[in-house]
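For reference, final-v1.csv is printed below; it contains CSV, N, CA and C atoms.
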```csv
chain,number,residue,atom,x,y,z
A,30,MET,N,16.7,77.4,-3.9
A,30,MET,CA,16.9,76.3,-3.1
A,30,MET,C,17.4,75.1,-3.9
A,31,GLY,N,18.0,74.2,-3.2
A,31,GLY,CA,18.6,73.1,-3.9
A,31,GLY,C,17.6,72.0,-4.1
A,32,LYS,N,17.7,71.3,-5.2
A,32,LYS,CA,16.9,70.2,-5.5
A,32,LYS,C,17.4,68.9,-4.7
A,33,LYS,N,16.4,68.2,-4.2
A,33,LYS,CA,16.8,67.0,-3.5
A,33,LYS,C,16.8,65.9,-4.5
A,34,LYS,N,17.8,65.1,-4.4
A,34,LYS,CA,17.9,64.0,-5.3
A,34,LYS,C,17.2,62.7,-4.7
A,35,ARG,N,16.5,62.1,-5.5
A,35,ARG,CA,15.8,60.9,-5.0
A,35,ARG,C,16.8,59.7,-5.2
A,36,LYS,N,16.8,58.9,-4.3
A,36,LYS,CA,17.7,57.7,-4.4
A,36,LYS,C,16.9,56.6,-5.1
A,37,LYS,N,17.5,56.1,-6.2
A,37,LYS,CA,16.9,55.0,-6.9
A,37,LYS,C,17.1,53.7,-6.1
A,38,ALA,N,16.0,52.9,-6.1
A,38,ALA,CA,16.1,51.6,-5.5
A,38,ALA,C,16.9,50.6,-6.4
A,39,THR,N,17.9,50.0,-5.8
A,39,THR,CA,18.6,49.0,-6.5
A,39,THR,C,18.3,47.7,-6.0
A,40,GLY,N,18.8,46.6,-6.6
A,40,GLY,CA,18.5,45.3,-6.2
A,40,GLY,C,19.0,45.0,-4.8
A,41,SER,N,20.0,45.6,-4.4
A,41,SER,CA,20.5,45.4,-3.0
A,41,SER,C,19.7,46.1,-2.0
A,42,ASP,N,19.0,47.1,-2.4
A,42,ASP,CA,18.2,47.9,-1.4
A,42,ASP,C,16.9,47.2,-1.2
A,43,GLN,N,16.4,46.4,-2.1
A,43,GLN,CA,15.1,45.8,-1.9
A,43,GLN,C,15.2,44.7,-0.9
A,44,GLN,N,14.1,44.5,-0.1
A,44,GLN,CA,14.0,43.4,0.8
A,44,GLN,C,13.6,42.1,0.1
A,45,PRO,N,14.2,41.0,0.5
A,45,PRO,CA,13.8,39.8,-0.2
A,45,PRO,C,12.3,39.5,0.0
A,46,GLU,N,11.7,38.9,-1.0
A,46,GLU,CA,10.3,38.6,-1.0
A,46,GLU,C,10.1,37.4,-0.1
A,47,LYS,N,9.0,37.5,0.7
A,47,LYS,CA,8.7,36.4,1.6
A,47,LYS,C,7.7,35.5,0.8
A,48,ASN,N,7.9,34.2,1.0
A,48,ASN,CA,7.0,33.2,0.4
A,48,ASN,C,5.6,33.4,1.1
A,49,LEU,N,4.7,33.8,0.4
A,49,LEU,CA,3.3,33.9,0.9
A,49,LEU,C,2.7,32.5,0.8
A,50,PRO,N,1.7,32.3,1.7
A,50,PRO,CA,1.1,31.0,1.7
A,50,PRO,C,0.5,30.6,0.3
A,51,SER,N,-0.1,31.6,-0.4
A,51,SER,CA,-0.7,31.2,-1.7
A,51,SER,C,0.4,30.9,-2.7
A,52,GLU,N,1.6,31.5,-2.6
A,52,GLU,CA,2.7,31.1,-3.5
A,52,GLU,C,3.2,29.7,-3.2
A,53,ARG,N,3.3,29.4,-1.9
A,53,ARG,CA,3.8,28.1,-1.5
A,53,ARG,C,2.9,27.0,-1.9
A,54,LYS,N,1.6,27.3,-1.8
A,54,LYS,CA,0.6,26.3,-2.3
A,54,LYS,C,0.7,26.0,-3.8
A,55,SER,N,0.9,27.0,-4.5
A,55,SER,CA,1.0,26.9,-6.0
A,55,SER,C,2.3,26.1,-6.4
A,56,LYS,N,3.3,26.3,-5.6
A,56,LYS,CA,4.6,25.5,-5.8
A,56,LYS,C,4.5,24.1,-5.5
A,57,ASP,N,3.7,23.8,-4.4
A,57,ASP,CA,3.5,22.4,-3.9
A,57,ASP,C,2.5,21.6,-4.8
A,58,ARG,N,1.7,22.3,-5.5
A,58,ARG,CA,0.6,21.6,-6.2
A,58,ARG,C,1.1,20.6,-7.2
A,59,PRO,N,2.1,20.9,-8.1
A,59,PRO,CA,2.6,19.9,-9.0
A,59,PRO,C,3.1,18.6,-8.3
A,60,ILE,N,3.8,18.8,-7.2
A,60,ILE,CA,4.3,17.6,-6.5
A,60,ILE,C,3.2,16.8,-5.9
A,61,PHE,N,2.2,17.5,-5.4
A,61,PHE,CA,1.0,16.8,-4.8
A,61,PHE,C,0.3,16.0,-5.9
A,62,LEU,N,0.1,16.7,-7.1
A,62,LEU,CA,-0.6,16.0,-8.2
A,62,LEU,C,0.2,14.8,-8.7
A,63,SER,N,1.5,14.9,-8.7
A,63,SER,CA,2.3,13.8,-9.2
A,63,SER,C,2.2,12.6,-8.3
A,64,ILE,N,2.2,12.9,-7.0
A,64,ILE,CA,2.0,11.8,-6.0
A,64,ILE,C,0.7,11.1,-6.1
A,65,ILE,N,-0.4,11.9,-6.3
A,65,ILE,CA,-1.7,11.4,-6.5
A,65,ILE,C,-1.7,10.5,-7.8
A,66,GLY,N,-1.1,11.0,-8.8
A,66,GLY,CA,-1.1,10.2,-10.1
A,66,GLY,C,-0.4,8.9,-9.9
A,67,ILE,N,0.8,8.9,-9.2
A,67,ILE,CA,1.5,7.7,-9.0
A,67,ILE,C,0.7,6.7,-8.2
A,68,VAL,N,0.0,7.2,-7.2
A,68,VAL,CA,-0.8,6.3,-6.3
A,68,VAL,C,-2.0,5.7,-7.2
A,69,ILE,N,-2.6,6.4,-8.0
A,69,ILE,CA,-3.6,5.9,-8.9
A,69,ILE,C,-3.1,4.9,-9.8
A,70,LEU,N,-1.9,5.1,-10.4
A,70,LEU,CA,-1.3,4.1,-11.3
A,70,LEU,C,-1.0,2.8,-10.6
A,71,VAL,N,-0.5,2.9,-9.4
A,71,VAL,CA,-0.2,1.7,-8.6
A,71,VAL,C,-1.4,0.9,-8.3
A,72,ILE,N,-2.5,1.6,-7.9
A,72,ILE,CA,-3.8,0.9,-7.6
A,72,ILE,C,-4.3,0.3,-8.9
A,73,ALA,N,-4.3,1.0,-10.0
A,73,ALA,CA,-4.7,0.4,-11.3
A,73,ALA,C,-3.9,-0.8,-11.7
A,74,ALA,N,-2.6,-0.8,-11.5
A,74,ALA,CA,-1.8,-1.9,-11.8
A,74,ALA,C,-2.1,-3.2,-10.9
A,75,VAL,N,-2.3,-2.9,-9.6
A,75,VAL,CA,-2.7,-4.0,-8.7
A,75,VAL,C,-4.0,-4.7,-9.1
A,76,ILE,N,-5.0,-3.8,-9.5
A,76,ILE,CA,-6.3,-4.4,-9.9
A,76,ILE,C,-6.1,-5.1,-11.2
A,77,TRP,N,-5.4,-4.6,-12.1
A,77,TRP,CA,-5.2,-5.3,-13.4
A,77,TRP,C,-4.5,-6.6,-13.3
A,78,LEU,N,-3.5,-6.6,-12.4
A,78,LEU,CA,-2.7,-7.9,-12.2
A,78,LEU,C,-3.6,-8.9,-11.5
A,79,SER,N,-4.4,-8.5,-10.6
A,79,SER,CA,-5.2,-9.5,-9.9
A,79,SER,C,-6.3,-10.1,-10.8
A,80,GLN,N,-6.8,-9.3,-11.7
A,80,GLN,CA,-7.8,-9.8,-12.6
A,80,GLN,C,-7.2,-10.7,-13.6
A,81,ASP,N,-6.0,-10.4,-14.0
A,81,ASP,CA,-5.2,-11.3,-15.0
A,81,ASP,C,-4.9,-12.6,-14.4
A,82,SER,N,-4.5,-12.7,-13.1
A,82,SER,CA,-4.2,-14.0,-12.5
A,82,SER,C,-5.5,-14.8,-12.3
A,83,SER,N,-6.6,-14.2,-11.9
A,83,SER,CA,-7.8,-14.9,-11.7
A,83,SER,C,-8.4,-15.5,-13.0
A,84,SER,N,-8.2,-14.8,-14.1
A,84,SER,CA,-8.7,-15.3,-15.4
A,84,SER,C,-8.0,-16.5,-15.9
A,85,GLN,N,-6.7,-16.7,-15.4
A,85,GLN,CA,-5.9,-17.9,-15.8
A,85,GLN,C,-6.2,-19.1,-14.9
A,86,GLU,N,-7.0,-18.9,-13.9
A,86,GLU,CA,-7.3,-20.1,-13.0
A,86,GLU,C,-8.0,-21.2,-13.8
A,87,GLY,N,-7.5,-22.4,-13.6
A,87,GLY,CA,-8.1,-23.5,-14.3
A,87,GLY,C,-7.3,-23.8,-15.6
A,88,GLN,N,-6.3,-23.1,-15.9
A,88,GLN,CA,-5.6,-23.3,-17.1
A,88,GLN,C,-4.2,-24.0,-16.9
A,89,GLY,N,-3.4,-23.6,-15.9
A,89,GLY,CA,-2.1,-24.1,-15.8
A,89,GLY,C,-2.0,-25.5,-15.2
A,90,GLY,N,-1.8,-25.6,-13.9
A,90,GLY,CA,-1.7,-26.9,-13.3
A,90,GLY,C,-3.0,-27.5,-12.9
A,91,PRO,N,-3.0,-28.6,-12.2
A,91,PRO,CA,-4.2,-29.3,-11.8
A,91,PRO,C,-4.9,-28.4,-10.7
A,92,SER,N,-6.2,-28.5,-10.7
A,92,SER,CA,-7.0,-27.8,-9.7
A,92,SER,C,-8.2,-28.8,-9.3
A,93,ILE,N,-8.3,-29.0,-8.0
A,93,ILE,CA,-9.3,-30.0,-7.5
A,93,ILE,C,-10.6,-29.3,-7.1
A,94,TYR,N,-11.7,-29.9,-7.4
A,94,TYR,CA,-13.0,-29.3,-7.1
A,94,TYR,C,-13.9,-30.5,-6.6
A,95,PHE,N,-14.5,-30.3,-5.4
A,95,PHE,CA,-15.4,-31.2,-4.8
A,95,PHE,C,-16.8,-30.6,-4.8
A,96,PRO,N,-17.8,-31.1,-5.6
A,96,PRO,CA,-19.1,-30.5,-5.6
A,96,PRO,C,-19.7,-30.7,-4.2
A,97,GLU,N,-19.4,-31.8,-3.5
A,97,GLU,CA,-19.8,-32.1,-2.2
A,97,GLU,C,-18.6,-32.6,-1.3
A,98,ASP,N,-18.3,-31.8,-0.3
A,98,ASP,CA,-17.1,-32.1,0.4
A,98,ASP,C,-17.3,-32.8,1.8
A,99,SER,N,-18.6,-33.0,2.1
A,99,SER,CA,-18.9,-33.8,3.3
A,99,SER,C,-20.2,-34.5,3.1
A,100,TYR,N,-20.4,-35.5,3.9
A,100,TYR,CA,-21.7,-36.3,3.9
A,100,TYR,C,-22.0,-36.8,5.3
A,101,ASP,N,-23.3,-36.6,5.7
A,101,ASP,CA,-23.7,-37.0,7.1
A,101,ASP,C,-24.5,-38.3,6.9
A,102,PHE,N,-23.9,-39.4,7.5
A,102,PHE,CA,-24.6,-40.7,7.5
A,102,PHE,C,-25.7,-40.8,8.6
A,103,GLY,N,-25.8,-39.8,9.4
A,103,GLY,CA,-26.7,-39.9,10.5
A,103,GLY,C,-26.2,-40.7,11.6
A,104,THR,N,-27.1,-41.3,12.5
A,104,THR,CA,-26.7,-42.1,13.6
A,104,THR,C,-26.7,-43.6,13.1
A,105,ILE,N,-25.5,-44.2,13.2
A,105,ILE,CA,-25.4,-45.6,12.8
A,105,ILE,C,-24.6,-46.3,13.9
A,106,SER,N,-24.7,-47.7,13.9
A,106,SER,CA,-23.9,-48.4,14.9
A,106,SER,C,-22.6,-48.7,14.3
A,107,GLN,N,-21.6,-49.1,15.1
A,107,GLN,CA,-20.3,-49.3,14.7
A,107,GLN,C,-20.2,-50.6,13.8
A,108,LYS,N,-21.1,-51.5,13.9
A,108,LYS,CA,-21.1,-52.7,13.1
A,108,LYS,C,-21.7,-52.5,11.7
A,109,THR,N,-22.4,-51.4,11.5
A,109,THR,CA,-23.0,-51.1,10.2
A,109,THR,C,-22.0,-50.6,9.2
A,110,GLN,N,-22.0,-51.2,8.0
A,110,GLN,CA,-21.0,-50.8,7.0
A,110,GLN,C,-21.8,-49.8,6.1
A,111,VAL,N,-21.2,-48.7,5.9
A,111,VAL,CA,-21.8,-47.6,5.0
A,111,VAL,C,-20.8,-47.2,4.0
A,112,SER,N,-21.3,-46.6,2.9
A,112,SER,CA,-20.4,-46.1,1.9
A,112,SER,C,-21.1,-44.9,1.3
A,113,HIS,N,-20.3,-44.0,0.7
A,113,HIS,CA,-20.7,-42.9,0.0
A,113,HIS,C,-19.7,-42.5,-1.1
A,114,THR,N,-20.1,-42.2,-2.3
A,114,THR,CA,-19.2,-41.9,-3.3
A,114,THR,C,-19.1,-40.4,-3.4
A,115,PHE,N,-17.8,-39.9,-3.3
A,115,PHE,CA,-17.6,-38.5,-3.5
A,115,PHE,C,-17.1,-38.2,-4.9
A,116,ILE,N,-17.6,-37.2,-5.6
A,116,ILE,CA,-17.1,-36.9,-6.9
A,116,ILE,C,-16.0,-35.9,-6.8
A,117,VAL,N,-14.9,-36.2,-7.5
A,117,VAL,CA,-13.7,-35.3,-7.5
A,117,VAL,C,-13.5,-34.8,-8.9
A,118,LYS,N,-13.4,-33.5,-9.1
A,118,LYS,CA,-13.3,-33.0,-10.5
A,118,LYS,C,-12.0,-32.2,-10.6
A,119,ASN,N,-11.3,-32.5,-11.7
A,119,ASN,CA,-10.1,-31.7,-12.0
A,119,ASN,C,-10.5,-30.5,-12.9
A,120,THR,N,-10.4,-29.3,-12.4
A,120,THR,CA,-10.8,-28.2,-13.2
A,120,THR,C,-9.6,-27.5,-13.8
A,121,GLY,N,-8.4,-28.1,-13.6
A,121,GLY,CA,-7.2,-27.5,-14.2
A,121,GLY,C,-6.9,-28.0,-15.5
A,122,GLY,N,-5.7,-27.6,-16.0
A,122,GLY,CA,-5.3,-28.0,-17.4
A,122,GLY,C,-4.3,-29.1,-17.4
A,123,ALA,N,-3.9,-29.6,-16.2
A,123,ALA,CA,-2.9,-30.7,-16.1
A,123,ALA,C,-3.5,-31.9,-15.4
A,124,PRO,N,-2.9,-33.1,-15.5
A,124,PRO,CA,-3.5,-34.2,-14.8
A,124,PRO,C,-3.4,-34.0,-13.3
A,125,LEU,N,-4.4,-34.6,-12.6
A,125,LEU,CA,-4.6,-34.5,-11.2
A,125,LEU,C,-4.3,-35.9,-10.6
A,126,LYS,N,-3.4,-36.0,-9.6
A,126,LYS,CA,-3.0,-37.2,-9.0
A,126,LYS,C,-3.5,-37.2,-7.6
A,127,LEU,N,-4.3,-38.2,-7.2
A,127,LEU,CA,-4.7,-38.3,-5.8
A,127,LEU,C,-3.9,-39.4,-5.2
A,128,ILE,N,-3.1,-39.1,-4.2
A,128,ILE,CA,-2.2,-40.0,-3.5
A,128,ILE,C,-2.5,-40.1,-2.0
A,129,LYS,N,-2.6,-41.3,-1.5
A,129,LYS,CA,-2.9,-41.5,-0.1
A,129,LYS,C,-4.1,-40.8,0.4
A,130,ALA,N,-5.2,-41.0,-0.3
A,130,ALA,CA,-6.5,-40.4,0.1
A,130,ALA,C,-7.1,-41.3,1.3
A,131,LYS,N,-7.5,-40.6,2.4
A,131,LYS,CA,-8.0,-41.3,3.6
A,131,LYS,C,-9.3,-40.6,4.0
A,132,GLY,N,-10.2,-41.4,4.5
A,132,GLY,CA,-11.4,-40.9,5.2
A,132,GLY,C,-11.2,-40.7,6.6
A,133,SER,N,-12.1,-40.0,7.3
A,133,SER,CA,-11.9,-39.8,8.7
A,133,SER,C,-13.0,-40.6,9.5
```
File written out as structure tokens:
Amino acid sequence: MGKKKRKKATGSDQQPEKNLPSERKSKDRPIFLSIIGIVILVIAAVIWLSQDSSSQEGQGGPSIYFPEDSYDFGTISQKTQVSHTFIVKNTGGAPLKLIKAKGS
């Protein structure tokens, strides 16, 4: 009897491999980790910049501070003259100019 020859599988005979879900996940993982890393860096930069600007407060230009910003005289008649001294403090590093200050 004759021998049957087996056909060797060549590259063209093989079916293309399908992307299995586990293979797809492993391919997407570096992209996902890169995105997470970028987000963390952006958040860290925002926090660092906000702390840097708040630590410089009171150094640059003038900054006004009122220890007491209102005062209640109670019930008084219109003819009674009253006064109260408000303390104004410059907590900045430059001169503070008060122009056209008015009471209410």
> Between atom C of Thr120 in chain A and atom N of Tyr100 in chain A, what is the distance, to one decimal in Å?
Replying inline: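 Calculated distance between atom C of Thr120 in chain A and atom N of Tyr100 in chain A is 22.2 Å.
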Excluding Pro124 in chain A and any residue of its chain fewer than 2 positions from it, enumerate the residues within 6 Å of it, using all atoms listed in the file, and give them as a short mmCIF file (atom, residue, chain, number, x, y, z; two decimals) with N, CA and C atoms, keeping the file's coordinate frame.
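Final output, result-v6.cif:
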```
data_model
loop_
_atom_site.label_atom_id
_atom_site.label_comp_id
_atom_site.auth_asym_id
_atom_site.auth_seq_id
_atom_site.Cartn_x
_atom_site.Cartn_y
_atom_site.Cartn_z
N PRO A 91 -3.00 -28.60 -12.20
CA PRO A 91 -4.20 -29.30 -11.80
C PRO A 91 -4.90 -28.40 -10.70
N GLY A 122 -5.70 -27.60 -16.00
CA GLY A 122 -5.30 -28.00 -17.40
C GLY A 122 -4.30 -29.10 -17.40
N LYS A 126 -3.40 -36.00 -9.60
CA LYS A 126 -3.00 -37.20 -9.00
C LYS A 126 -3.50 -37.20 -7.60
#
```
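Of the residues listed (A:Pro96, A:Pro59, A:Gly66, A:Gly90), A:Pro96 shows the shortest atom-to-atom separation from Val117 in chain A; distances use only C-alpha atoms.
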> Hey, which of A:Asp101, A:Gly132, A:Phe95, A:Gly89 ends up closest to Phe115 in chain A? Count only N, CA and C atoms.
Replying inline: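 Looking at the shortest contact to Phe115 in chain A, the residue is A:Phe95.
Distance-wise, atom C of Gly103 in chain A and atom N of Asn119 in chain A end up 28.8 Å apart.
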How big is the axis-aligned box, and where does its centre sit, when it encloses all atoms of range 112-115 of chain A listed in the file and has 3 Å added on every side, reported in Å to one decimal as AutoDock Vina command-line options?
```
--center_x -19.2 --center_y -42.4 --center_z -1.0 --size_x 10.2 --size_y 14.4 --size_z 13.8
```
